>>> print(open('target36.cif').read())   # mmCIF, N, CA and C atoms
data_data
#
loop_
_atom_site.label_atom_id
_atom_site.label_comp_id
_atom_site.auth_asym_id
_atom_site.auth_seq_id
_atom_site.Cartn_x
_atom_site.Cartn_y
_atom_site.Cartn_z
N MET Z 1 85.81 104.99 182.31
CA MET Z 1 86.82 104.01 181.98
C MET Z 1 87.09 104.09 180.49
N GLU Z 2 88.33 103.91 180.13
CA GLU Z 2 88.70 103.95 178.73
C GLU Z 2 87.97 102.84 177.97
N PRO Z 3 87.40 103.15 176.81
CA PRO Z 3 86.63 102.16 176.06
C PRO Z 3 87.40 100.89 175.71
N LEU Z 4 88.68 101.03 175.35
CA LEU Z 4 89.46 99.84 175.00
C LEU Z 4 89.70 98.95 176.21
N LEU Z 5 89.92 99.57 177.37
CA LEU Z 5 90.11 98.79 178.59
C LEU Z 5 88.81 98.08 178.96
N PHE Z 6 87.70 98.78 178.85
CA PHE Z 6 86.40 98.18 179.13
C PHE Z 6 86.15 97.00 178.19
N ARG Z 7 86.52 97.16 176.94
CA ARG Z 7 86.33 96.07 175.96
C ARG Z 7 87.22 94.87 176.32
N ALA Z 8 88.46 95.15 176.73
CA ALA Z 8 89.38 94.06 177.10
C ALA Z 8 88.83 93.28 178.29
N ILE Z 9 88.29 94.01 179.27
CA ILE Z 9 87.71 93.35 180.45
C ILE Z 9 86.50 92.53 180.03
N SER Z 10 85.65 93.11 179.21
CA SER Z 10 84.45 92.40 178.75
C SER Z 10 84.81 91.14 177.99
N GLU Z 11 85.81 91.24 177.11
CA GLU Z 11 86.23 90.06 176.34
C GLU Z 11 86.85 89.00 177.25
N SER Z 12 87.59 89.45 178.24
CA SER Z 12 88.24 88.50 179.14
C SER Z 12 87.23 87.69 179.94
N PHE Z 13 86.18 88.38 180.42
CA PHE Z 13 85.17 87.68 181.20
C PHE Z 13 84.10 87.06 180.31
N GLY Z 14 83.91 87.61 179.12
CA GLY Z 14 82.86 87.10 178.24
C GLY Z 14 81.51 87.25 178.90
N THR Z 15 80.66 86.26 178.72
CA THR Z 15 79.34 86.30 179.36
C THR Z 15 79.41 85.71 180.76
N ASP Z 16 80.50 85.02 181.07
CA ASP Z 16 80.66 84.40 182.38
C ASP Z 16 81.55 85.28 183.24
N ALA Z 17 81.00 85.86 184.29
CA ALA Z 17 81.76 86.77 185.15
C ALA Z 17 82.46 86.03 186.29
N SER Z 18 82.62 84.73 186.18
CA SER Z 18 83.26 84.00 187.27
C SER Z 18 84.74 83.83 186.99
N ILE Z 19 85.47 83.54 188.04
CA ILE Z 19 86.90 83.27 187.93
C ILE Z 19 87.12 81.88 188.52
N SER Z 20 87.78 81.02 187.77
CA SER Z 20 88.06 79.69 188.32
C SER Z 20 89.27 79.79 189.23
N VAL Z 21 89.14 79.17 190.39
CA VAL Z 21 90.22 79.23 191.37
C VAL Z 21 90.80 77.84 191.52
N ALA Z 22 91.91 77.62 190.86
CA ALA Z 22 92.62 76.36 191.00
C ALA Z 22 93.89 76.67 191.77
N SER Z 23 93.93 76.26 193.00
CA SER Z 23 95.06 76.61 193.86
C SER Z 23 96.33 75.93 193.36
N PRO Z 24 97.38 76.70 193.11
CA PRO Z 24 98.64 76.09 192.74
C PRO Z 24 99.19 75.32 193.93
N HIS Z 25 100.03 74.32 193.65
CA HIS Z 25 100.56 73.53 194.76
C HIS Z 25 101.60 74.36 195.51
N VAL Z 26 101.26 74.75 196.68
CA VAL Z 26 102.16 75.50 197.56
C VAL Z 26 102.09 74.82 198.92
N GLU Z 27 103.24 74.58 199.52
CA GLU Z 27 103.27 73.94 200.83
C GLU Z 27 102.75 74.92 201.87
N THR Z 28 101.61 74.60 202.47
CA THR Z 28 100.99 75.52 203.42
C THR Z 28 101.11 75.04 204.86
N SER Z 29 101.83 73.94 205.09
CA SER Z 29 101.92 73.44 206.46
C SER Z 29 102.64 74.44 207.37
N ALA Z 30 103.47 75.29 206.80
CA ALA Z 30 104.16 76.31 207.61
C ALA Z 30 103.15 77.29 208.19
N PHE Z 31 102.08 77.59 207.44
CA PHE Z 31 101.05 78.48 207.95
C PHE Z 31 100.37 77.85 209.17
N GLY Z 32 100.08 76.55 209.07
CA GLY Z 32 99.44 75.85 210.18
C GLY Z 32 100.34 75.81 211.41
N ALA Z 33 101.62 75.54 211.18
CA ALA Z 33 102.56 75.48 212.30
C ALA Z 33 102.71 76.86 212.95
N ALA Z 34 102.72 77.91 212.14
CA ALA Z 34 102.84 79.26 212.69
C ALA Z 34 101.61 79.64 213.50
N ALA Z 35 100.43 79.25 213.02
CA ALA Z 35 99.20 79.55 213.76
C ALA Z 35 99.17 78.80 215.09
N GLN Z 36 99.60 77.55 215.07
CA GLN Z 36 99.65 76.76 216.30
C GLN Z 36 100.64 77.39 217.28
N ARG Z 37 101.79 77.80 216.77
CA ARG Z 37 102.81 78.40 217.64
C ARG Z 37 102.29 79.69 218.26
N ALA Z 38 101.59 80.49 217.47
CA ALA Z 38 101.06 81.76 217.99
C ALA Z 38 100.04 81.51 219.10
N LYS Z 39 99.18 80.51 218.88
CA LYS Z 39 98.17 80.19 219.90
C LYS Z 39 98.85 79.67 221.17
N TYR Z 40 99.85 78.82 221.00
CA TYR Z 40 100.58 78.25 222.12
C TYR Z 40 101.29 79.34 222.91
N ASP Z 41 101.97 80.24 222.18
CA ASP Z 41 102.71 81.33 222.84
C ASP Z 41 101.77 82.27 223.59
N LYS Z 42 100.60 82.53 223.03
CA LYS Z 42 99.63 83.40 223.70
C LYS Z 42 99.15 82.75 225.00
N ALA Z 43 98.88 81.45 224.93
CA ALA Z 43 98.41 80.74 226.12
C ALA Z 43 99.52 80.67 227.18
N ALA Z 44 100.77 80.66 226.74
CA ALA Z 44 101.90 80.56 227.67
C ALA Z 44 101.98 81.77 228.61
N MET Z 45 101.24 82.82 228.31
CA MET Z 45 101.25 84.00 229.16
C MET Z 45 100.10 83.99 230.19
N GLY Z 46 99.28 82.94 230.15
CA GLY Z 46 98.13 82.85 231.05
C GLY Z 46 98.47 82.21 232.38
N ASN Z 47 97.43 81.75 233.06
CA ASN Z 47 97.59 81.09 234.36
C ASN Z 47 97.20 79.62 234.25
N ALA Z 48 97.91 78.80 234.99
CA ALA Z 48 97.60 77.38 235.03
C ALA Z 48 96.31 77.16 235.83
N GLY Z 49 95.80 75.94 235.82
CA GLY Z 49 94.58 75.62 236.56
C GLY Z 49 94.72 75.85 238.05
N THR Z 50 95.94 75.85 238.53
CA THR Z 50 96.19 76.09 239.95
C THR Z 50 96.16 77.58 240.28
N GLY Z 51 96.12 78.41 239.25
CA GLY Z 51 96.14 79.86 239.45
C GLY Z 51 97.53 80.45 239.33
N ARG Z 52 98.53 79.59 239.27
CA ARG Z 52 99.92 80.07 239.16
C ARG Z 52 100.18 80.56 237.73
N PRO Z 53 100.86 81.68 237.55
CA PRO Z 53 101.20 82.15 236.20
C PRO Z 53 102.09 81.14 235.48
N ILE Z 54 101.72 80.81 234.25
CA ILE Z 54 102.46 79.79 233.49
C ILE Z 54 103.93 80.19 233.28
N PRO Z 55 104.28 81.46 233.08
CA PRO Z 55 105.70 81.78 232.91
C PRO Z 55 106.56 81.41 234.13
N MET Z 56 105.94 81.20 235.26
CA MET Z 56 106.70 80.83 236.46
C MET Z 56 106.85 79.32 236.59
N ILE Z 57 106.29 78.54 235.69
CA ILE Z 57 106.38 77.08 235.71
C ILE Z 57 107.44 76.66 234.70
N ASN Z 58 108.14 75.57 234.96
CA ASN Z 58 109.19 75.10 234.05
C ASN Z 58 108.94 73.67 233.62
N GLY Z 59 109.55 73.30 232.49
CA GLY Z 59 109.57 71.93 232.03
C GLY Z 59 108.23 71.41 231.53
N ALA Z 60 108.05 70.08 231.72
CA ALA Z 60 106.85 69.41 231.24
C ALA Z 60 105.57 69.94 231.88
N PRO Z 61 105.56 70.27 233.17
CA PRO Z 61 104.34 70.83 233.75
C PRO Z 61 103.89 72.13 233.05
N LYS Z 62 104.87 72.90 232.61
CA LYS Z 62 104.54 74.14 231.90
C LYS Z 62 103.83 73.82 230.58
N ASP Z 63 104.37 72.85 229.84
CA ASP Z 63 103.76 72.45 228.57
C ASP Z 63 102.35 71.92 228.78
N ARG Z 64 102.17 71.09 229.79
CA ARG Z 64 100.84 70.53 230.07
C ARG Z 64 99.86 71.63 230.49
N ALA Z 65 100.33 72.60 231.25
CA ALA Z 65 99.46 73.70 231.69
C ALA Z 65 99.02 74.54 230.49
N ILE Z 66 99.94 74.78 229.56
CA ILE Z 66 99.60 75.55 228.36
C ILE Z 66 98.57 74.81 227.52
N ARG Z 67 98.82 73.51 227.29
CA ARG Z 67 97.89 72.72 226.47
C ARG Z 67 96.52 72.63 227.13
N ALA Z 68 96.47 72.51 228.44
CA ALA Z 68 95.19 72.46 229.15
C ALA Z 68 94.47 73.80 229.04
N LEU Z 69 95.21 74.89 229.14
CA LEU Z 69 94.61 76.22 229.02
C LEU Z 69 94.01 76.40 227.62
N ILE Z 70 94.69 75.93 226.60
CA ILE Z 70 94.17 76.00 225.23
C ILE Z 70 92.90 75.15 225.12
N GLY Z 71 92.81 74.11 225.91
CA GLY Z 71 91.63 73.24 225.91
C GLY Z 71 90.48 73.77 226.76
N GLY Z 72 90.60 74.97 227.25
CA GLY Z 72 89.52 75.56 228.04
C GLY Z 72 89.77 75.49 229.53
N GLY Z 73 90.94 75.05 229.91
CA GLY Z 73 91.27 74.94 231.32
C GLY Z 73 91.38 73.47 231.73
N SER Z 74 91.76 73.26 232.98
CA SER Z 74 91.91 71.88 233.46
C SER Z 74 90.54 71.22 233.59
N LYS Z 75 90.53 69.90 233.57
CA LYS Z 75 89.25 69.18 233.74
C LYS Z 75 88.66 69.42 235.12
N ASP Z 76 89.53 69.59 236.11
CA ASP Z 76 89.05 69.87 237.47
C ASP Z 76 88.28 71.18 237.53
N ASN Z 77 88.64 72.11 236.65
CA ASN Z 77 87.97 73.41 236.63
C ASN Z 77 86.88 73.49 235.56
N GLY Z 78 86.51 72.34 234.99
CA GLY Z 78 85.42 72.31 234.02
C GLY Z 78 85.84 72.47 232.57
N GLY Z 79 87.14 72.52 232.30
CA GLY Z 79 87.62 72.66 230.92
C GLY Z 79 87.83 71.30 230.26
N GLY Z 80 88.39 71.34 229.09
CA GLY Z 80 88.63 70.11 228.33
C GLY Z 80 89.96 69.47 228.61
N GLY Z 81 90.82 70.15 229.32
CA GLY Z 81 92.11 69.59 229.68
C GLY Z 81 93.09 69.53 228.51
N ILE Z 82 94.14 68.75 228.72
CA ILE Z 82 95.22 68.62 227.74
C ILE Z 82 94.70 68.03 226.42
N ALA Z 83 93.87 67.00 226.50
CA ALA Z 83 93.37 66.34 225.28
C ALA Z 83 92.61 67.34 224.41
N GLN Z 84 91.76 68.15 225.02
CA GLN Z 84 91.01 69.16 224.25
C GLN Z 84 91.96 70.24 223.72
N GLY Z 85 92.97 70.58 224.49
CA GLY Z 85 93.96 71.56 224.03
C GLY Z 85 94.69 71.08 222.79
N ASP Z 86 95.05 69.77 222.78
CA ASP Z 86 95.72 69.21 221.61
C ASP Z 86 94.80 69.24 220.39
N LYS Z 87 93.51 68.92 220.59
CA LYS Z 87 92.55 68.98 219.48
C LYS Z 87 92.40 70.40 218.96
N ASN Z 88 92.32 71.37 219.88
CA ASN Z 88 92.18 72.76 219.46
C ASN Z 88 93.40 73.25 218.68
N LEU Z 89 94.58 72.84 219.13
CA LEU Z 89 95.80 73.22 218.40
C LEU Z 89 95.79 72.62 217.00
N HIS Z 90 95.37 71.36 216.89
CA HIS Z 90 95.32 70.70 215.59
C HIS Z 90 94.35 71.43 214.66
N ARG Z 91 93.16 71.76 215.18
CA ARG Z 91 92.17 72.49 214.37
C ARG Z 91 92.69 73.84 213.92
N THR Z 92 93.40 74.51 214.81
CA THR Z 92 93.99 75.81 214.46
C THR Z 92 94.94 75.66 213.27
N GLY Z 93 95.77 74.65 213.31
CA GLY Z 93 96.72 74.41 212.22
C GLY Z 93 96.02 74.09 210.92
N VAL Z 94 95.00 73.24 210.98
CA VAL Z 94 94.27 72.86 209.76
C VAL Z 94 93.57 74.08 209.17
N ARG Z 95 92.91 74.88 210.03
CA ARG Z 95 92.21 76.08 209.54
C ARG Z 95 93.19 77.04 208.86
N ALA Z 96 94.36 77.21 209.44
CA ALA Z 96 95.35 78.12 208.85
C ALA Z 96 95.82 77.61 207.49
N GLU Z 97 96.00 76.30 207.37
CA GLU Z 97 96.44 75.73 206.09
C GLU Z 97 95.37 75.88 205.03
N VAL Z 98 94.11 75.62 205.38
CA VAL Z 98 93.02 75.77 204.42
C VAL Z 98 92.87 77.24 204.02
N GLY Z 99 92.96 78.13 204.97
CA GLY Z 99 92.88 79.56 204.67
C GLY Z 99 94.00 79.99 203.74
N ALA Z 100 95.20 79.48 203.96
CA ALA Z 100 96.32 79.82 203.09
C ALA Z 100 96.10 79.28 201.69
N ASP Z 101 95.58 78.05 201.58
CA ASP Z 101 95.28 77.48 200.26
C ASP Z 101 94.29 78.35 199.49
N ILE Z 102 93.24 78.77 200.17
CA ILE Z 102 92.21 79.60 199.53
C ILE Z 102 92.81 80.95 199.10
N ALA Z 103 93.55 81.58 199.99
CA ALA Z 103 94.14 82.89 199.68
C ALA Z 103 95.09 82.79 198.50
N ILE Z 104 95.93 81.78 198.48
CA ILE Z 104 96.90 81.61 197.39
C ILE Z 104 96.16 81.36 196.08
N GLY Z 105 95.09 80.56 196.13
CA GLY Z 105 94.31 80.30 194.92
C GLY Z 105 93.65 81.56 194.38
N LEU Z 106 93.11 82.38 195.27
CA LEU Z 106 92.46 83.62 194.84
C LEU Z 106 93.46 84.60 194.24
N VAL Z 107 94.61 84.72 194.86
CA VAL Z 107 95.64 85.62 194.33
C VAL Z 107 96.11 85.13 192.95
N ALA Z 108 96.33 83.84 192.82
CA ALA Z 108 96.77 83.29 191.53
C ALA Z 108 95.71 83.53 190.45
N ALA Z 109 94.44 83.33 190.79
CA ALA Z 109 93.37 83.55 189.81
C ALA Z 109 93.28 85.02 189.41
N ALA Z 110 93.43 85.91 190.38
CA ALA Z 110 93.37 87.34 190.08
C ALA Z 110 94.54 87.76 189.19
N LEU Z 111 95.73 87.25 189.47
CA LEU Z 111 96.89 87.57 188.65
C LEU Z 111 96.72 87.05 187.22
N GLU Z 112 96.19 85.84 187.10
CA GLU Z 112 95.96 85.26 185.78
C GLU Z 112 94.94 86.09 185.00
N LYS Z 113 93.86 86.49 185.65
CA LYS Z 113 92.83 87.29 184.98
C LYS Z 113 93.38 88.66 184.62
N GLY Z 114 94.15 89.27 185.51
CA GLY Z 114 94.75 90.57 185.22
C GLY Z 114 95.71 90.51 184.05
N LEU Z 115 96.49 89.45 183.96
CA LEU Z 115 97.41 89.27 182.84
C LEU Z 115 96.63 89.12 181.54
N ASP Z 116 95.56 88.35 181.58
CA ASP Z 116 94.73 88.16 180.39
C ASP Z 116 94.14 89.49 179.92
N ILE Z 117 93.63 90.27 180.85
CA ILE Z 117 93.05 91.58 180.50
C ILE Z 117 94.14 92.49 179.93
N GLY Z 118 95.31 92.48 180.54
CA GLY Z 118 96.41 93.32 180.06
C GLY Z 118 96.84 92.98 178.65
N VAL Z 119 96.96 91.69 178.36
CA VAL Z 119 97.35 91.25 177.02
C VAL Z 119 96.29 91.66 176.00
N ARG Z 120 95.02 91.47 176.35
CA ARG Z 120 93.93 91.86 175.43
C ARG Z 120 93.93 93.37 175.20
N TYR Z 121 94.18 94.13 176.26
CA TYR Z 121 94.17 95.59 176.15
C TYR Z 121 95.29 96.06 175.22
N VAL Z 122 96.49 95.52 175.38
CA VAL Z 122 97.61 95.90 174.51
C VAL Z 122 97.30 95.55 173.07
N ALA Z 123 96.74 94.36 172.84
CA ALA Z 123 96.38 93.96 171.47
C ALA Z 123 95.35 94.91 170.88
N LEU Z 124 94.36 95.31 171.67
CA LEU Z 124 93.35 96.25 171.17
C LEU Z 124 93.95 97.62 170.88
N ARG Z 125 94.89 98.06 171.72
CA ARG Z 125 95.55 99.36 171.47
C ARG Z 125 96.34 99.32 170.17
N ILE Z 126 97.06 98.24 169.95
CA ILE Z 126 97.84 98.10 168.71
C ILE Z 126 96.90 98.08 167.50
N GLN Z 127 95.84 97.29 167.61
CA GLN Z 127 94.86 97.21 166.53
C GLN Z 127 94.23 98.59 166.27
N ASP Z 128 93.91 99.32 167.33
CA ASP Z 128 93.30 100.64 167.19
C ASP Z 128 94.26 101.60 166.49
N ARG Z 129 95.52 101.58 166.86
CA ARG Z 129 96.51 102.47 166.23
C ARG Z 129 96.67 102.14 164.75
N LYS Z 130 96.72 100.84 164.43
CA LYS Z 130 96.87 100.45 163.03
C LYS Z 130 95.66 100.89 162.22
N THR Z 131 94.46 100.75 162.79
CA THR Z 131 93.23 101.14 162.11
C THR Z 131 93.21 102.64 161.88
N ARG Z 132 93.56 103.42 162.88
CA ARG Z 132 93.52 104.87 162.75
C ARG Z 132 94.66 105.38 161.86
N CYS Z 133 95.76 104.67 161.84
CA CYS Z 133 96.91 105.10 161.06
C CYS Z 133 96.66 104.87 159.58
N ASP Z 134 96.11 103.74 159.21
CA ASP Z 134 95.80 103.39 157.82
C ASP Z 134 96.98 103.64 156.89
N GLY Z 135 98.16 103.31 157.34
CA GLY Z 135 99.34 103.48 156.52
C GLY Z 135 99.99 104.85 156.66
N GLN Z 136 99.32 105.81 157.26
CA GLN Z 136 99.86 107.16 157.43
C GLN Z 136 100.35 107.31 158.87
N PRO Z 137 101.47 107.98 159.06
CA PRO Z 137 101.93 108.21 160.43
C PRO Z 137 100.92 109.07 161.19
N LEU Z 138 100.78 108.80 162.47
CA LEU Z 138 99.87 109.60 163.29
C LEU Z 138 100.46 110.98 163.50
N THR Z 139 99.60 111.97 163.55
CA THR Z 139 100.04 113.33 163.83
C THR Z 139 100.34 113.48 165.31
N GLU Z 140 101.04 114.51 165.68
CA GLU Z 140 101.40 114.74 167.08
C GLU Z 140 100.17 114.76 167.99
N PRO Z 141 99.09 115.52 167.65
CA PRO Z 141 97.91 115.52 168.51
C PRO Z 141 97.27 114.13 168.65
N GLU Z 142 97.30 113.34 167.57
CA GLU Z 142 96.73 111.98 167.63
C GLU Z 142 97.57 111.09 168.55
N LEU Z 143 98.89 111.25 168.45
CA LEU Z 143 99.76 110.47 169.34
C LEU Z 143 99.51 110.80 170.80
N ASN Z 144 99.40 112.08 171.11
CA ASN Z 144 99.16 112.50 172.48
C ASN Z 144 97.80 112.05 172.99
N ALA Z 145 96.79 112.08 172.11
CA ALA Z 145 95.44 111.68 172.51
C ALA Z 145 95.34 110.18 172.72
N SER Z 146 96.17 109.41 172.04
CA SER Z 146 96.06 107.94 172.15
C SER Z 146 96.86 107.40 173.33
N GLN Z 147 97.58 108.25 174.02
CA GLN Z 147 98.40 107.76 175.13
C GLN Z 147 97.73 107.94 176.45
#
>>> encode(input="target36.cif", output="structure tokens")
Amino acid sequence: MEPLLFRAISESFGTDASISVASPHVETSAFGAAAQRAKYDKAAMGNAGTGRPIPMINGAPKDRAIRALIGGGSKDNGGGGIAQGDKNLHRTGVRAEVGADIAIGLVAAALEKGLDIGVRYVALRIQDRKTRCDGQPLTEPELNASQ
């Protein structure tokens, strides 16, 4: 690794190699809604508690069959039924939102740290050129070696 880049990284992290993750405010409810929709749509391709394929059912019974399937099946068949399906869908949405918050926070922290390292690196390169130049223009080989 180039010594100046290594120095910029070292200065950026200092003695503490941690990165603080403060999640910027981003609306993540869309992630939760998308996760719920995906789970619902996947279940819509299954079979109802009666054994009938859900795509062949229409209206409210179809919705109830999907929610019951997400809940582990109908209560008659030992599953959690519609109530458990609604709870599972809610948990899916919450997990997706929390995951999105964490991911966005990590990306923001990495971008911030990368920007800090980049700024330090450029400053060190400028300082290095000024030091080596000492008022004299750099020769062609020096210019090529410093790039």
>>> atom_distance(input="target36.cif", atom1="CA of Arg52 in chain Z", atom2="CA of Gly32 in chain Z")
29.3 Å
>>> resolve_selection(input="target36.cif", expression="the PyMOL selection byres ((chain Z and resi 69) around 7)", output="VMD selection string")
chain Z and resid 43 47 to 49 64 to 68 70 to 74 81 to 82 85
>>> write_last_selection(input="target36.cif", atoms="N, CA and C atoms", output="PDB file, keeping the file's coordinate frame")
ATOM      1  N   ALA Z  43      98.880  81.450 224.930  1.00  0.00           N
ATOM      2  CA  ALA Z  43      98.410  80.740 226.120  1.00  0.00           C
ATOM      3  C   ALA Z  43      99.520  80.670 227.180  1.00  0.00           C
ATOM      4  N   ASN Z  47      97.430  81.750 233.060  1.00  0.00           N
ATOM      5  CA  ASN Z  47      97.590  81.090 234.360  1.00  0.00           C
ATOM      6  C   ASN Z  47      97.200  79.620 234.250  1.00  0.00           C
ATOM      7  N   ALA Z  48      97.910  78.800 234.990  1.00  0.00           N
ATOM      8  CA  ALA Z  48      97.600  77.380 235.030  1.00  0.00           C
ATOM      9  C   ALA Z  48      96.310  77.160 235.830  1.00  0.00           C
ATOM     10  N   GLY Z  49      95.800  75.940 235.820  1.00  0.00           N
ATOM     11  CA  GLY Z  49      94.580  75.620 236.560  1.00  0.00           C
ATOM     12  C   GLY Z  49      94.720  75.850 238.050  1.00  0.00           C
ATOM     13  N   ARG Z  64     102.170  71.090 229.790  1.00  0.00           N
ATOM     14  CA  ARG Z  64     100.840  70.530 230.070  1.00  0.00           C
ATOM     15  C   ARG Z  64      99.860  71.630 230.490  1.00  0.00           C
ATOM     16  N   ALA Z  65     100.330  72.600 231.250  1.00  0.00           N
ATOM     17  CA  ALA Z  65      99.460  73.700 231.690  1.00  0.00           C
ATOM     18  C   ALA Z  65      99.020  74.540 230.490  1.00  0.00           C
ATOM     19  N   ILE Z  66      99.940  74.780 229.560  1.00  0.00           N
ATOM     20  CA  ILE Z  66      99.600  75.550 228.360  1.00  0.00           C
ATOM     21  C   ILE Z  66      98.570  74.810 227.520  1.00  0.00           C
ATOM     22  N   ARG Z  67      98.820  73.510 227.290  1.00  0.00           N
ATOM     23  CA  ARG Z  67      97.890  72.720 226.470  1.00  0.00           C
ATOM     24  C   ARG Z  67      96.520  72.630 227.130  1.00  0.00           C
ATOM     25  N   ALA Z  68      96.470  72.510 228.440  1.00  0.00           N
ATOM     26  CA  ALA Z  68      95.190  72.460 229.150  1.00  0.00           C
ATOM     27  C   ALA Z  68      94.470  73.800 229.040  1.00  0.00           C
ATOM     28  N   ILE Z  70      94.690  75.930 226.600  1.00  0.00           N
ATOM     29  CA  ILE Z  70      94.170  76.000 225.230  1.00  0.00           C
ATOM     30  C   ILE Z  70      92.900  75.150 225.120  1.00  0.00           C
ATOM     31  N   GLY Z  71      92.810  74.110 225.910  1.00  0.00           N
ATOM     32  CA  GLY Z  71      91.630  73.240 225.910  1.00  0.00           C
ATOM     33  C   GLY Z  71      90.480  73.770 226.760  1.00  0.00           C
ATOM     34  N   GLY Z  72      90.600  74.970 227.250  1.00  0.00           N
ATOM     35  CA  GLY Z  72      89.520  75.560 228.040  1.00  0.00           C
ATOM     36  C   GLY Z  72      89.770  75.490 229.530  1.00  0.00           C
ATOM     37  N   GLY Z  73      90.940  75.050 229.910  1.00  0.00           N
ATOM     38  CA  GLY Z  73      91.270  74.940 231.320  1.00  0.00           C
ATOM     39  C   GLY Z  73      91.380  73.470 231.730  1.00  0.00           C
ATOM     40  N   SER Z  74      91.760  73.260 232.980  1.00  0.00           N
ATOM     41  CA  SER Z  74      91.910  71.880 233.460  1.00  0.00           C
ATOM     42  C   SER Z  74      90.540  71.220 233.590  1.00  0.00           C
ATOM     43  N   GLY Z  81      90.820  70.150 229.320  1.00  0.00           N
ATOM     44  CA  GLY Z  81      92.110  69.590 229.680  1.00  0.00           C
ATOM     45  C   GLY Z  81      93.090  69.530 228.510  1.00  0.00           C
ATOM     46  N   ILE Z  82      94.140  68.750 228.720  1.00  0.00           N
ATOM     47  CA  ILE Z  82      95.220  68.620 227.740  1.00  0.00           C
ATOM     48  C   ILE Z  82      94.700  68.030 226.420  1.00  0.00           C
ATOM     49  N   GLY Z  85      92.970  70.580 224.490  1.00  0.00           N
ATOM     50  CA  GLY Z  85      93.960  71.560 224.030  1.00  0.00           C
ATOM     51  C   GLY Z  85      94.690  71.080 222.790  1.00  0.00           C
TER      52      GLY Z  85
END
>>> residues_around(input="target36.cif", residues="Tyr121 in chain Z", least_positions_apart="6", cutoff="6.5 Å", atoms="all atoms listed in the file", output="list in words")
Leu4, Leu5 and Ala8 of chain Z
>>> atom_distance(input="target36.cif", atom1="atom C of Phe31 in chain Z", atom2="CA of Ala96 in chain Z")
5.0 Å
>>> atom_distance(input="target36.cif", atom1="CA of Lys75 in chain Z", atom2="atom N of Glu97 in chain Z")
28.1 Å
>>> decode(input="target36.cif", residues="range 40-75 of chain Z", atoms="C-alpha atoms", output="PDB file, in the first residue's frame")
ATOM      1  CA  TYR Z  40     -48.022 -12.545   1.042  1.00  0.00           C
ATOM      2  CA  ASP Z  41     -47.506 -13.120  -2.690  1.00  0.00           C
ATOM      3  CA  LYS Z  42     -45.405 -16.230  -2.046  1.00  0.00           C
ATOM      4  CA  ALA Z  43     -48.086 -17.669   0.232  1.00  0.00           C
ATOM      5  CA  ALA Z  44     -50.739 -16.871  -2.395  1.00  0.00           C
ATOM      6  CA  MET Z  45     -49.272 -19.661  -4.521  1.00  0.00           C
ATOM      7  CA  GLY Z  46     -49.821 -22.320  -1.822  1.00  0.00           C
ATOM      8  CA  ASN Z  47     -52.813 -24.397  -0.789  1.00  0.00           C
ATOM      9  CA  ALA Z  48     -55.559 -23.458   1.622  1.00  0.00           C
ATOM     10  CA  GLY Z  49     -56.300 -25.554   4.721  1.00  0.00           C
ATOM     11  CA  THR Z  50     -58.903 -27.399   2.687  1.00  0.00           C
ATOM     12  CA  GLY Z  51     -56.214 -28.508   0.239  1.00  0.00           C
ATOM     13  CA  ARG Z  52     -57.568 -26.323  -2.551  1.00  0.00           C
ATOM     14  CA  PRO Z  53     -54.936 -24.228  -4.390  1.00  0.00           C
ATOM     15  CA  ILE Z  54     -55.215 -20.608  -3.236  1.00  0.00           C
ATOM     16  CA  PRO Z  55     -55.045 -19.192  -6.808  1.00  0.00           C
ATOM     17  CA  MET Z  56     -58.366 -20.931  -7.460  1.00  0.00           C
ATOM     18  CA  ILE Z  57     -60.077 -19.099  -4.560  1.00  0.00           C
ATOM     19  CA  ASN Z  58     -61.490 -15.567  -4.946  1.00  0.00           C
ATOM     20  CA  GLY Z  59     -62.327 -12.625  -2.717  1.00  0.00           C
ATOM     21  CA  ALA Z  60     -62.181 -12.535   1.069  1.00  0.00           C
ATOM     22  CA  PRO Z  61     -61.799 -16.321   1.474  1.00  0.00           C
ATOM     23  CA  LYS Z  62     -58.629 -16.109  -0.614  1.00  0.00           C
ATOM     24  CA  ASP Z  63     -57.198 -13.389   1.647  1.00  0.00           C
ATOM     25  CA  ARG Z  64     -58.063 -15.357   4.788  1.00  0.00           C
ATOM     26  CA  ALA Z  65     -56.519 -18.532   3.347  1.00  0.00           C
ATOM     27  CA  ILE Z  66     -53.280 -16.691   2.540  1.00  0.00           C
ATOM     28  CA  ARG Z  67     -53.066 -15.112   6.005  1.00  0.00           C
ATOM     29  CA  ALA Z  68     -53.763 -18.477   7.660  1.00  0.00           C
ATOM     30  CA  LEU Z  69     -51.078 -20.142   5.543  1.00  0.00           C
ATOM     31  CA  ILE Z  70     -48.582 -17.469   6.628  1.00  0.00           C
ATOM     32  CA  GLY Z  71     -49.605 -18.288  10.211  1.00  0.00           C
ATOM     33  CA  GLY Z  72     -48.603 -21.919   9.778  1.00  0.00           C
ATOM     34  CA  GLY Z  73     -51.884 -23.177   8.413  1.00  0.00           C
ATOM     35  CA  SER Z  74     -55.442 -23.243   9.679  1.00  0.00           C
ATOM     36  CA  LYS Z  75     -56.131 -23.845  13.372  1.00  0.00           C
TER      37      LYS Z  75
END
